[in-house]
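> The following file, structure-v3.pdb, comprises PDB, C-alpha atoms, pLDDT in the B column:
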```
ATOM      1  CA  MET V   1     -50.955  18.838 -74.719  1.00 37.00           C
ATOM      2  CA  GLU V   2     -50.240  17.121 -78.044  1.00 37.00           C
ATOM      3  CA  GLN V   3     -47.407  14.546 -78.255  1.00 37.00           C
ATOM      4  CA  THR V   4     -45.401  13.767 -81.390  1.00 38.00           C
ATOM      5  CA  ASP V   5     -43.854  10.583 -82.780  1.00 38.00           C
ATOM      6  CA  ASN V   6     -41.257   9.780 -85.449  1.00 35.00           C
ATOM      7  CA  HIS V   7     -43.706  10.432 -88.346  1.00 34.00           C
ATOM      8  CA  GLU V   8     -45.115  13.718 -87.061  1.00 35.00           C
ATOM      9  CA  HIS V   9     -44.431  17.034 -88.810  1.00 35.00           C
ATOM     10  CA  ILE V  10     -45.365  20.595 -88.025  1.00 35.00           C
ATOM     11  CA  THR V  11     -47.800  22.393 -90.316  1.00 35.00           C
ATOM     12  CA  GLY V  12     -48.758  26.054 -90.407  1.00 37.00           C
ATOM     13  CA  ASP V  13     -49.176  29.055 -92.644  1.00 36.00           C
ATOM     14  CA  VAL V  14     -46.281  31.385 -93.279  1.00 36.00           C
ATOM     15  CA  GLU V  15     -47.659  34.597 -94.673  1.00 36.00           C
ATOM     16  CA  GLN V  16     -44.313  35.899 -95.965  1.00 37.00           C
ATOM     17  CA  PRO V  17     -41.226  33.737 -96.303  1.00 36.00           C
ATOM     18  CA  PHE V  18     -38.233  34.986 -94.451  1.00 36.00           C
ATOM     19  CA  GLU V  19     -35.575  36.099 -96.848  1.00 38.00           C
ATOM     20  CA  GLU V  20     -32.425  34.096 -96.336  1.00 38.00           C
ATOM     21  CA  GLY V  21     -29.527  36.195 -95.220  1.00 40.00           C
ATOM     22  CA  PRO V  22     -25.821  35.479 -94.983  1.00 42.00           C
ATOM     23  CA  ALA V  23     -24.744  32.069 -93.648  1.00 41.00           C
ATOM     24  CA  GLN V  24     -24.754  31.927 -89.893  1.00 42.00           C
ATOM     25  CA  LYS V  25     -23.198  29.451 -87.442  1.00 44.00           C
ATOM     26  CA  LYS V  26     -25.550  26.662 -86.319  1.00 42.00           C
ATOM     27  CA  PRO V  27     -26.514  26.686 -82.659  1.00 40.00           C
ATOM     28  CA  LYS V  28     -25.249  23.988 -80.278  1.00 41.00           C
ATOM     29  CA  LEU V  29     -27.200  20.717 -80.485  1.00 38.00           C
ATOM     30  CA  GLU V  30     -29.442  19.731 -77.608  1.00 39.00           C
ATOM     31  CA  GLU V  31     -31.412  16.494 -77.238  1.00 39.00           C
ATOM     32  CA  GLU V  32     -34.713  18.230 -76.538  1.00 38.00           C
ATOM     33  CA  ASP V  33     -34.458  20.667 -79.480  1.00 40.00           C
ATOM     34  CA  ILE V  34     -37.131  19.796 -82.062  1.00 40.00           C
ATOM     35  CA  ARG V  35     -35.051  21.272 -84.897  1.00 40.00           C
ATOM     36  CA  TYR V  36     -32.873  18.176 -84.985  1.00 38.00           C
ATOM     37  CA  GLY V  37     -33.612  14.487 -85.049  1.00 41.00           C
ATOM     38  CA  THR V  38     -36.508  12.770 -86.810  1.00 39.00           C
ATOM     39  CA  LEU V  39     -38.773  15.846 -86.795  1.00 43.00           C
ATOM     40  CA  SER V  40     -36.502  18.468 -88.327  1.00 41.00           C
ATOM     41  CA  HIS V  41     -36.103  16.894 -91.754  1.00 44.00           C
ATOM     42  CA  LEU V  42     -39.921  16.790 -92.182  1.00 45.00           C
ATOM     43  CA  LEU V  43     -40.217  20.569 -91.979  1.00 44.00           C
ATOM     44  CA  ALA V  44     -40.424  22.682 -95.084  1.00 47.00           C
ATOM     45  CA  VAL V  45     -37.128  24.103 -96.241  1.00 53.00           C
ATOM     46  CA  GLU V  46     -38.129  27.718 -95.746  1.00 56.00           C
ATOM     47  CA  GLU V  47     -39.725  26.998 -92.398  1.00 58.00           C
ATOM     48  CA  HIS V  48     -36.670  25.066 -91.300  1.00 59.00           C
ATOM     49  CA  LYS V  49     -34.353  27.921 -92.224  1.00 64.00           C
ATOM     50  CA  LEU V  50     -36.738  30.311 -90.499  1.00 65.00           C
ATOM     51  CA  LEU V  51     -36.661  28.294 -87.279  1.00 64.00           C
ATOM     52  CA  LEU V  52     -32.870  28.085 -87.367  1.00 68.00           C
ATOM     53  CA  LYS V  53     -32.524  31.823 -87.624  1.00 70.00           C
ATOM     54  CA  LEU V  54     -35.277  32.354 -85.091  1.00 65.00           C
ATOM     55  CA  ASP V  55     -33.486  30.083 -82.593  1.00 68.00           C
ATOM     56  CA  GLU V  56     -30.227  31.928 -83.068  1.00 73.00           C
ATOM     57  CA  ALA V  57     -31.694  35.399 -82.783  1.00 68.00           C
ATOM     58  CA  PHE V  58     -34.475  34.820 -80.272  1.00 65.00           C
ATOM     59  CA  PRO V  59     -34.158  31.419 -78.478  1.00 68.00           C
ATOM     60  CA  ALA V  60     -36.627  32.488 -75.787  1.00 63.00           C
ATOM     61  CA  TRP V  61     -39.578  32.104 -78.172  1.00 61.00           C
ATOM     62  CA  ARG V  62     -39.623  28.318 -77.593  1.00 61.00           C
ATOM     63  CA  GLU V  63     -40.034  28.714 -73.836  1.00 61.00           C
ATOM     64  CA  GLY V  64     -43.586  29.965 -74.257  1.00 54.00           C
ATOM     65  CA  PRO V  65     -45.664  31.888 -71.705  1.00 50.00           C
ATOM     66  CA  ALA V  66     -44.432  29.830 -68.753  1.00 48.00           C
ATOM     67  CA  HIS V  67     -40.927  31.313 -69.119  1.00 52.00           C
ATOM     68  CA  TYR V  68     -41.521  34.546 -70.996  1.00 47.00           C
ATOM     69  CA  GLY V  69     -43.857  36.748 -69.014  1.00 45.00           C
ATOM     70  CA  GLY V  70     -46.991  34.726 -69.721  1.00 49.00           C
ATOM     71  CA  LYS V  71     -48.072  36.829 -72.723  1.00 56.00           C
ATOM     72  CA  TRP V  72     -47.875  35.753 -76.316  1.00 60.00           C
ATOM     73  CA  ALA V  73     -48.293  39.365 -77.318  1.00 63.00           C
ATOM     74  CA  SER V  74     -44.876  40.126 -75.878  1.00 66.00           C
ATOM     75  CA  ILE V  75     -43.378  37.278 -77.869  1.00 64.00           C
ATOM     76  CA  GLU V  76     -45.090  38.394 -81.058  1.00 65.00           C
ATOM     77  CA  SER V  77     -43.995  41.992 -80.496  1.00 69.00           C
ATOM     78  CA  GLU V  78     -40.435  40.911 -79.875  1.00 68.00           C
ATOM     79  CA  MET V  79     -40.459  38.772 -82.985  1.00 65.00           C
ATOM     80  CA  GLN V  80     -41.878  41.616 -85.102  1.00 67.00           C
ATOM     81  CA  THR V  81     -39.143  43.855 -83.753  1.00 71.00           C
ATOM     82  CA  ARG V  82     -36.411  41.377 -84.545  1.00 66.00           C
ATOM     83  CA  PHE V  83     -37.977  40.069 -87.763  1.00 64.00           C
ATOM     84  CA  PRO V  84     -40.087  42.883 -89.274  1.00 64.00           C
ATOM     85  CA  GLY V  85     -40.640  40.966 -92.519  1.00 63.00           C
ATOM     86  CA  PHE V  86     -41.761  37.749 -90.822  1.00 59.00           C
ATOM     87  CA  SER V  87     -45.247  36.927 -89.570  1.00 62.00           C
ATOM     88  CA  VAL V  88     -46.392  33.698 -87.919  1.00 60.00           C
ATOM     89  CA  LYS V  89     -49.798  33.165 -86.424  1.00 63.00           C
ATOM     90  CA  ARG V  90     -50.040  32.739 -82.656  1.00 61.00           C
ATOM     91  CA  GLN V  91     -51.564  29.289 -83.067  1.00 66.00           C
ATOM     92  CA  LYS V  92     -48.526  28.242 -85.079  1.00 65.00           C
ATOM     93  CA  LEU V  93     -46.156  29.459 -82.373  1.00 62.00           C
ATOM     94  CA  GLN V  94     -48.216  27.803 -79.645  1.00 62.00           C
ATOM     95  CA  SER V  95     -48.233  24.558 -81.602  1.00 65.00           C
ATOM     96  CA  ILE V  96     -44.468  24.677 -82.092  1.00 62.00           C
ATOM     97  CA  CYS V  97     -43.894  25.533 -78.428  1.00 61.00           C
ATOM     98  CA  SER V  98     -46.289  22.806 -77.296  1.00 61.00           C
ATOM     99  CA  ARG V  99     -44.679  20.287 -79.575  1.00 58.00           C
ATOM    100  CA  GLY V 100     -41.238  21.302 -78.359  1.00 56.00           C
ATOM    101  CA  ARG V 101     -42.253  20.900 -74.729  1.00 56.00           C
ATOM    102  CA  SER V 102     -44.138  17.696 -75.541  1.00 57.00           C
ATOM    103  CA  LYS V 103     -41.094  16.329 -77.302  1.00 59.00           C
ATOM    104  CA  ARG V 104     -38.941  17.192 -74.319  1.00 61.00           C
ATOM    105  CA  LYS V 105     -41.552  15.637 -72.036  1.00 58.00           C
ATOM    106  CA  LEU V 106     -41.715  12.563 -74.249  1.00 57.00           C
ATOM    107  CA  ARG V 107     -37.976  12.240 -74.185  1.00 65.00           C
ATOM    108  CA  GLN V 108     -37.970  12.753 -70.451  1.00 64.00           C
ATOM    109  CA  LEU V 109     -40.606  10.048 -70.151  1.00 58.00           C
ATOM    110  CA  GLN V 110     -38.618   7.839 -72.494  1.00 63.00           C
ATOM    111  CA  ASN V 111     -35.508   8.468 -70.421  1.00 72.00           C
ATOM    112  CA  GLN V 112     -37.498   7.737 -67.291  1.00 64.00           C
ATOM    113  CA  LEU V 113     -38.836   4.594 -68.963  1.00 60.00           C
ATOM    114  CA  LYS V 114     -35.305   3.600 -69.844  1.00 72.00           C
ATOM    115  CA  MET V 115     -34.295   4.254 -66.250  1.00 74.00           C
ATOM    116  CA  LEU V 116     -37.289   2.224 -65.084  1.00 64.00           C
ATOM    117  CA  ASP V 117     -36.302  -0.527 -67.505  1.00 66.00           C
ATOM    118  CA  LEU V 118     -32.806  -0.368 -66.125  1.00 71.00           C
ATOM    119  CA  ASP V 119     -34.223  -0.346 -62.613  1.00 67.00           C
ATOM    120  CA  ALA V 120     -36.444  -3.295 -63.530  1.00 66.00           C
ATOM    121  CA  LYS V 121     -33.426  -5.068 -64.958  1.00 73.00           C
ATOM    122  CA  ASP V 122     -31.521  -4.143 -61.815  1.00 71.00           C
ATOM    123  CA  ILE V 123     -34.419  -5.442 -59.729  1.00 72.00           C
ATOM    124  CA  GLY V 124     -34.481  -8.591 -61.833  1.00 72.00           C
ATOM    125  CA  ASN V 125     -30.743  -8.880 -61.431  1.00 75.00           C
ATOM    126  CA  VAL V 126     -31.121  -8.242 -57.727  1.00 74.00           C
ATOM    127  CA  LYS V 127     -33.861 -10.881 -57.519  1.00 77.00           C
ATOM    128  CA  THR V 128     -31.702 -13.243 -59.529  1.00 79.00           C
ATOM    129  CA  LYS V 129     -28.786 -12.442 -57.298  1.00 77.00           C
ATOM    130  CA  GLU V 130     -31.023 -12.871 -54.261  1.00 76.00           C
ATOM    131  CA  SER V 131     -32.159 -16.223 -55.633  1.00 79.00           C
ATOM    132  CA  ASP V 132     -28.577 -17.144 -56.391  1.00 78.00           C
ATOM    133  CA  ALA V 133     -27.573 -15.883 -52.959  1.00 76.00           C
ATOM    134  CA  LYS V 134     -30.405 -17.899 -51.403  1.00 80.00           C
ATOM    135  CA  GLU V 135     -29.311 -20.986 -53.317  1.00 82.00           C
ATOM    136  CA  ALA V 136     -25.710 -20.226 -52.417  1.00 77.00           C
ATOM    137  CA  THR V 137     -26.766 -19.726 -48.800  1.00 81.00           C
ATOM    138  CA  GLN V 138     -28.607 -23.043 -48.839  1.00 84.00           C
ATOM    139  CA  GLU V 139     -25.609 -24.640 -50.484  1.00 82.00           C
ATOM    140  CA  VAL V 140     -23.348 -23.010 -47.902  1.00 81.00           C
ATOM    141  CA  GLN V 141     -25.643 -24.216 -45.120  1.00 85.00           C
ATOM    142  CA  SER V 142     -25.580 -27.699 -46.635  1.00 86.00           C
ATOM    143  CA  LEU V 143     -21.820 -27.489 -46.909  1.00 84.00           C
ATOM    144  CA  GLN V 144     -21.628 -26.205 -43.343  1.00 86.00           C
ATOM    145  CA  ALA V 145     -23.770 -29.131 -42.176  1.00 88.00           C
ATOM    146  CA  THR V 146     -21.544 -31.504 -44.150  1.00 88.00           C
ATOM    147  CA  VAL V 147     -18.452 -29.830 -42.728  1.00 87.00           C
ATOM    148  CA  LYS V 148     -19.935 -30.090 -39.230  1.00 90.00           C
ATOM    149  CA  LYS V 149     -20.600 -33.807 -39.749  1.00 89.00           C
ATOM    150  CA  LEU V 150     -17.103 -34.248 -41.119  1.00 87.00           C
ATOM    151  CA  GLU V 151     -15.701 -32.321 -38.163  1.00 89.00           C
ATOM    152  CA  GLU V 152     -17.657 -34.552 -35.792  1.00 91.00           C
ATOM    153  CA  GLN V 153     -16.432 -37.639 -37.646  1.00 90.00           C
ATOM    154  CA  CYS V 154     -12.916 -36.244 -37.593  1.00 89.00           C
ATOM    155  CA  ALA V 155     -13.251 -35.549 -33.861  1.00 90.00           C
ATOM    156  CA  VAL V 156     -14.424 -39.139 -33.300  1.00 92.00           C
ATOM    157  CA  GLU V 157     -11.612 -40.478 -35.473  1.00 91.00           C
ATOM    158  CA  VAL V 158      -9.094 -38.235 -33.719  1.00 90.00           C
ATOM    159  CA  ALA V 159     -10.357 -39.425 -30.327  1.00 91.00           C
ATOM    160  CA  ALA V 160     -10.164 -43.036 -31.527  1.00 92.00           C
ATOM    161  CA  ARG V 161      -6.667 -42.446 -32.882  1.00 91.00           C
ATOM    162  CA  LYS V 162      -5.646 -40.817 -29.608  1.00 92.00           C
ATOM    163  CA  ALA V 163      -7.061 -43.780 -27.684  1.00 92.00           C
ATOM    164  CA  ALA V 164      -5.326 -46.218 -30.053  1.00 92.00           C
ATOM    165  CA  ARG V 165      -2.112 -44.213 -29.789  1.00 91.00           C
ATOM    166  CA  ALA V 166      -2.402 -44.178 -25.995  1.00 92.00           C
ATOM    167  CA  GLU V 167      -3.044 -47.934 -25.964  1.00 93.00           C
ATOM    168  CA  ALA V 168      -0.141 -48.481 -28.346  1.00 92.00           C
ATOM    169  CA  GLU V 169       2.076 -46.326 -26.133  1.00 92.00           C
ATOM    170  CA  SER V 170       0.899 -48.357 -23.119  1.00 93.00           C
ATOM    171  CA  TRP V 171       1.690 -51.628 -24.877  1.00 93.00           C
ATOM    172  CA  LYS V 172       4.983 -50.205 -26.047  1.00 92.00           C
ATOM    173  CA  THR V 173       5.803 -49.150 -22.497  1.00 92.00           C
ATOM    174  CA  LYS V 174       4.814 -52.585 -21.213  1.00 92.00           C
ATOM    175  CA  ALA V 175       6.905 -54.231 -23.922  1.00 92.00           C
ATOM    176  CA  LEU V 176       9.870 -52.033 -23.034  1.00 92.00           C
ATOM    177  CA  GLN V 177       9.338 -52.831 -19.371  1.00 92.00           C
ATOM    178  CA  ALA V 178       9.124 -56.551 -20.204  1.00 92.00           C
ATOM    179  CA  ASP V 179      12.275 -56.308 -22.300  1.00 91.00           C
ATOM    180  CA  GLN V 180      13.998 -54.422 -19.518  1.00 91.00           C
ATOM    181  CA  ALA V 181      12.763 -56.974 -16.972  1.00 91.00           C
ATOM    182  CA  LYS V 182      13.991 -59.800 -19.211  1.00 92.00           C
ATOM    183  CA  LYS V 183      17.307 -58.029 -19.621  1.00 91.00           C
ATOM    184  CA  ASP V 184      17.515 -57.449 -15.882  1.00 91.00           C
ATOM    185  CA  THR V 185      16.580 -61.109 -15.305  1.00 91.00           C
ATOM    186  CA  GLU V 186      19.284 -62.246 -17.705  1.00 92.00           C
ATOM    187  CA  GLU V 187      21.786 -59.975 -16.031  1.00 92.00           C
ATOM    188  CA  GLU V 188      20.616 -61.194 -12.620  1.00 90.00           C
ATOM    189  CA  LYS V 189      20.856 -64.795 -13.835  1.00 90.00           C
ATOM    190  CA  VAL V 190      24.376 -64.202 -15.096  1.00 92.00           C
ATOM    191  CA  PHE V 191      25.268 -62.458 -11.857  1.00 92.00           C
ATOM    192  CA  LEU V 192      23.728 -65.223  -9.736  1.00 91.00           C
ATOM    193  CA  THR V 193      25.427 -67.880 -11.861  1.00 92.00           C
ATOM    194  CA  LYS V 194      28.756 -66.172 -11.358  1.00 92.00           C
ATOM    195  CA  GLU V 195      27.983 -65.717  -7.682  1.00 92.00           C
ATOM    196  CA  PHE V 196      26.950 -69.370  -7.402  1.00 92.00           C
ATOM    197  CA  GLN V 197      30.085 -70.460  -9.174  1.00 92.00           C
ATOM    198  CA  HIS V 198      32.107 -68.236  -6.882  1.00 92.00           C
ATOM    199  CA  LEU V 199      30.331 -69.624  -3.822  1.00 91.00           C
ATOM    200  CA  MET V 200      30.769 -73.170  -5.098  1.00 92.00           C
ATOM    201  CA  ALA V 201      34.448 -72.481  -5.614  1.00 91.00           C
ATOM    202  CA  GLN V 202      34.632 -71.088  -2.091  1.00 90.00           C
ATOM    203  CA  TYR V 203      32.650 -74.092  -0.834  1.00 90.00           C
ATOM    204  CA  GLU V 204      34.931 -76.534  -2.598  1.00 92.00           C
ATOM    205  CA  ALA V 205      37.945 -74.705  -1.241  1.00 92.00           C
ATOM    206  CA  LEU V 206      36.404 -74.650   2.223  1.00 89.00           C
ATOM    207  CA  LYS V 207      35.445 -78.307   1.872  1.00 89.00           C
ATOM    208  CA  ALA V 208      38.989 -79.146   0.871  1.00 90.00           C
ATOM    209  CA  ARG V 209      40.332 -77.144   3.788  1.00 89.00           C
ATOM    210  CA  GLU V 210      37.838 -78.779   6.140  1.00 88.00           C
ATOM    211  CA  LYS V 211      38.755 -82.176   4.793  1.00 88.00           C
ATOM    212  CA  LYS V 212      42.369 -81.435   5.376  1.00 89.00           C
ATOM    213  CA  ARG V 213      41.581 -80.038   8.808  1.00 87.00           C
ATOM    214  CA  VAL V 214      39.417 -83.077   9.641  1.00 87.00           C
ATOM    215  CA  ALA V 215      42.151 -85.366   8.444  1.00 88.00           C
ATOM    216  CA  ALA V 216      44.633 -83.451  10.547  1.00 87.00           C
ATOM    217  CA  LEU V 217      42.290 -83.497  13.509  1.00 87.00           C
ATOM    218  CA  LYS V 218      41.638 -87.188  12.987  1.00 87.00           C
ATOM    219  CA  LYS V 219      45.320 -87.828  12.820  1.00 87.00           C
ATOM    220  CA  GLN V 220      45.846 -85.671  15.870  1.00 86.00           C
ATOM    221  CA  LEU V 221      42.998 -87.471  17.605  1.00 86.00           C
ATOM    222  CA  GLU V 222      44.452 -90.822  16.748  1.00 89.00           C
ATOM    223  CA  THR V 223      47.787 -89.657  17.972  1.00 87.00           C
ATOM    224  CA  GLU V 224      46.267 -88.323  21.171  1.00 86.00           C
ATOM    225  CA  ARG V 225      44.219 -91.489  21.514  1.00 85.00           C
ATOM    226  CA  ALA V 226      47.371 -93.571  21.167  1.00 87.00           C
ATOM    227  CA  VAL V 227      49.055 -91.331  23.674  1.00 86.00           C
ATOM    228  CA  ASN V 228      46.089 -91.594  25.997  1.00 85.00           C
ATOM    229  CA  THR V 229      46.004 -95.357  25.551  1.00 86.00           C
ATOM    230  CA  GLU V 230      49.653 -95.481  26.415  1.00 85.00           C
ATOM    231  CA  LEU V 231      49.034 -93.260  29.371  1.00 85.00           C
ATOM    232  CA  LEU V 232      46.132 -95.390  30.482  1.00 85.00           C
ATOM    233  CA  ARG V 233      48.231 -98.487  30.093  1.00 84.00           C
ATOM    234  CA  ASP V 234      50.964 -96.872  32.098  1.00 84.00           C
ATOM    235  CA  GLU V 235      48.455 -95.765  34.692  1.00 84.00           C
ATOM    236  CA  GLU V 236      47.018 -99.291  34.810  1.00 84.00           C
ATOM    237  CA  ASP V 237      50.432-100.759  35.129  1.00 83.00           C
ATOM    238  CA  GLU V 238      51.212 -98.250  37.836  1.00 84.00           C
ATOM    239  CA  ARG V 239      47.946 -98.993  39.619  1.00 84.00           C
ATOM    240  CA  VAL V 240      48.641-102.732  39.407  1.00 84.00           C
ATOM    241  CA  SER V 241      52.122-102.130  40.602  1.00 82.00           C
ATOM    242  CA  ASN V 242      50.855 -99.986  43.444  1.00 82.00           C
ATOM    243  CA  ALA V 243      48.272-102.597  44.316  1.00 81.00           C
ATOM    244  CA  GLU V 244      50.920-105.254  44.412  1.00 82.00           C
ATOM    245  CA  LEU V 245      53.080-103.028  46.527  1.00 81.00           C
ATOM    246  CA  HIS V 246      50.160-102.396  48.845  1.00 78.00           C
ATOM    247  CA  ARG V 247      49.463-106.088  49.123  1.00 80.00           C
ATOM    248  CA  ASP V 248      53.100-106.721  49.719  1.00 77.00           C
ATOM    249  CA  GLU V 249      53.140-104.127  52.493  1.00 79.00           C
ATOM    250  CA  GLU V 250      50.015-105.554  54.027  1.00 77.00           C
ATOM    251  CA  GLY V 251      51.519-109.049  53.889  1.00 76.00           C
ATOM    252  CA  LYS V 252      54.665-107.712  55.426  1.00 76.00           C
ATOM    253  CA  GLN V 253      52.720-106.004  58.147  1.00 74.00           C
ATOM    254  CA  GLU V 254      50.764-109.115  58.803  1.00 74.00           C
ATOM    255  CA  ASP V 255      53.971-111.057  58.964  1.00 71.00           C
ATOM    256  CA  ASP V 256      55.416-108.496  61.298  1.00 72.00           C
ATOM    257  CA  ALA V 257      52.326-108.701  63.428  1.00 73.00           C
ATOM    258  CA  GLU V 258      52.518-112.386  63.682  1.00 71.00           C
ATOM    259  CA  ASN V 259      56.100-112.185  64.703  1.00 65.00           C
TER     260      ASN V 259
END
```
In structure tokens, how does this file's structure come out?

Amino acid sequence: MEQTDNHEHITGDVEQPFEEGPAQKKPKLEEEDIRYGTLSHLLAVEEHKLLLKLDEAFPAWREGPAHYGGKWASIESEMQTRFPGFSVKRQKLQSICSRGRSKRKLRQLQNQLKMLDLDAKDIGNVKTKESDAKEATQEVQSLQATVKKLEEQCAVEVAARKAARAEAESWKTKALQADQAKKDTEEEKVFLTKEFQHLMAQYEALKAREKKRVAALKKQLETERAVNTELLRDEEDERVSNAELHRDEEGKQEDDAEN
């Protein structure tokens, strides 16, 4: 099958030119139609007009034997019926059909190539993205490792801060306890001082009372001693008196006995 490029044009013999009729509406454009694009303007004017009319009246002629019964004779007969004043050799029709299909094939291949280029670009983009993702993953892993180290350091620092806070709380508690003990000691000292002063006052009062009582007792004792001395003196005097009386009685008895 022959392929065409941008500088290719179709050649062939036209035995009788097709007489141009009234203006007709152009068919709808299609990308694979060889009448338009870079090939159409290279055709001869009469041949171009012929192909336009042929496409409008009998579009199946471009499909060739693969889509039209497989016999060029049928195509030629149909064309003679539709265009009795027009004659084109079979080789010309085959060439046009082949070029049309080749052009479509070329465009399909070009489209496929474009798709492949896009796919290649997509693959390149995917590879780039994979590379970027790999680098990002490595960076993320590095960041994760750094974060893990920082977390470990933070955990150590937090533990140290907790220990320091606990120690500070312990010292604070001890300081509060010491302050409370000092306060209690001061209060106890004040209380004991007051109690001592109270006891000393009681002692002084008791001492004064005892002194007075001792003085009274001493005075009473002296009085009783004086009384006792007087009584003893009286008793002594009485005993002496009784002794004298007894001696007197004994002398009297002796005198009486002698008499």
> If you measure from atom CA of Glu56 of chain V to atom CA of Thr81 of chain V, what distance in Å do you get, rounded to one decimal?
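Separation of atom CA of Glu56 of chain V and atom CA of Thr81 of chain V: 14.9 Å.
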> Please determine an axis-aligned box that encloses all atoms of segment 236-244 of chain V listed in the file, with 3 Å added on each side, and express its centre and edge lengths in Å to one decimal as lines of an AutoDock Vina configuration file.

```
center_x = 49.6
center_y = -101.8
center_z = 39.6
size_x = 11.1
size_y = 13.0
size_z = 15.6
```
> Would you work out the distance separating atom CA of Ala201 of chain V from atom CA of Lys182 of chain V, expressed in Å to one decimal?
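Calculated distance between atom CA of Ala201 of chain V and atom CA of Lys182 of chain V is 27.6 Å.
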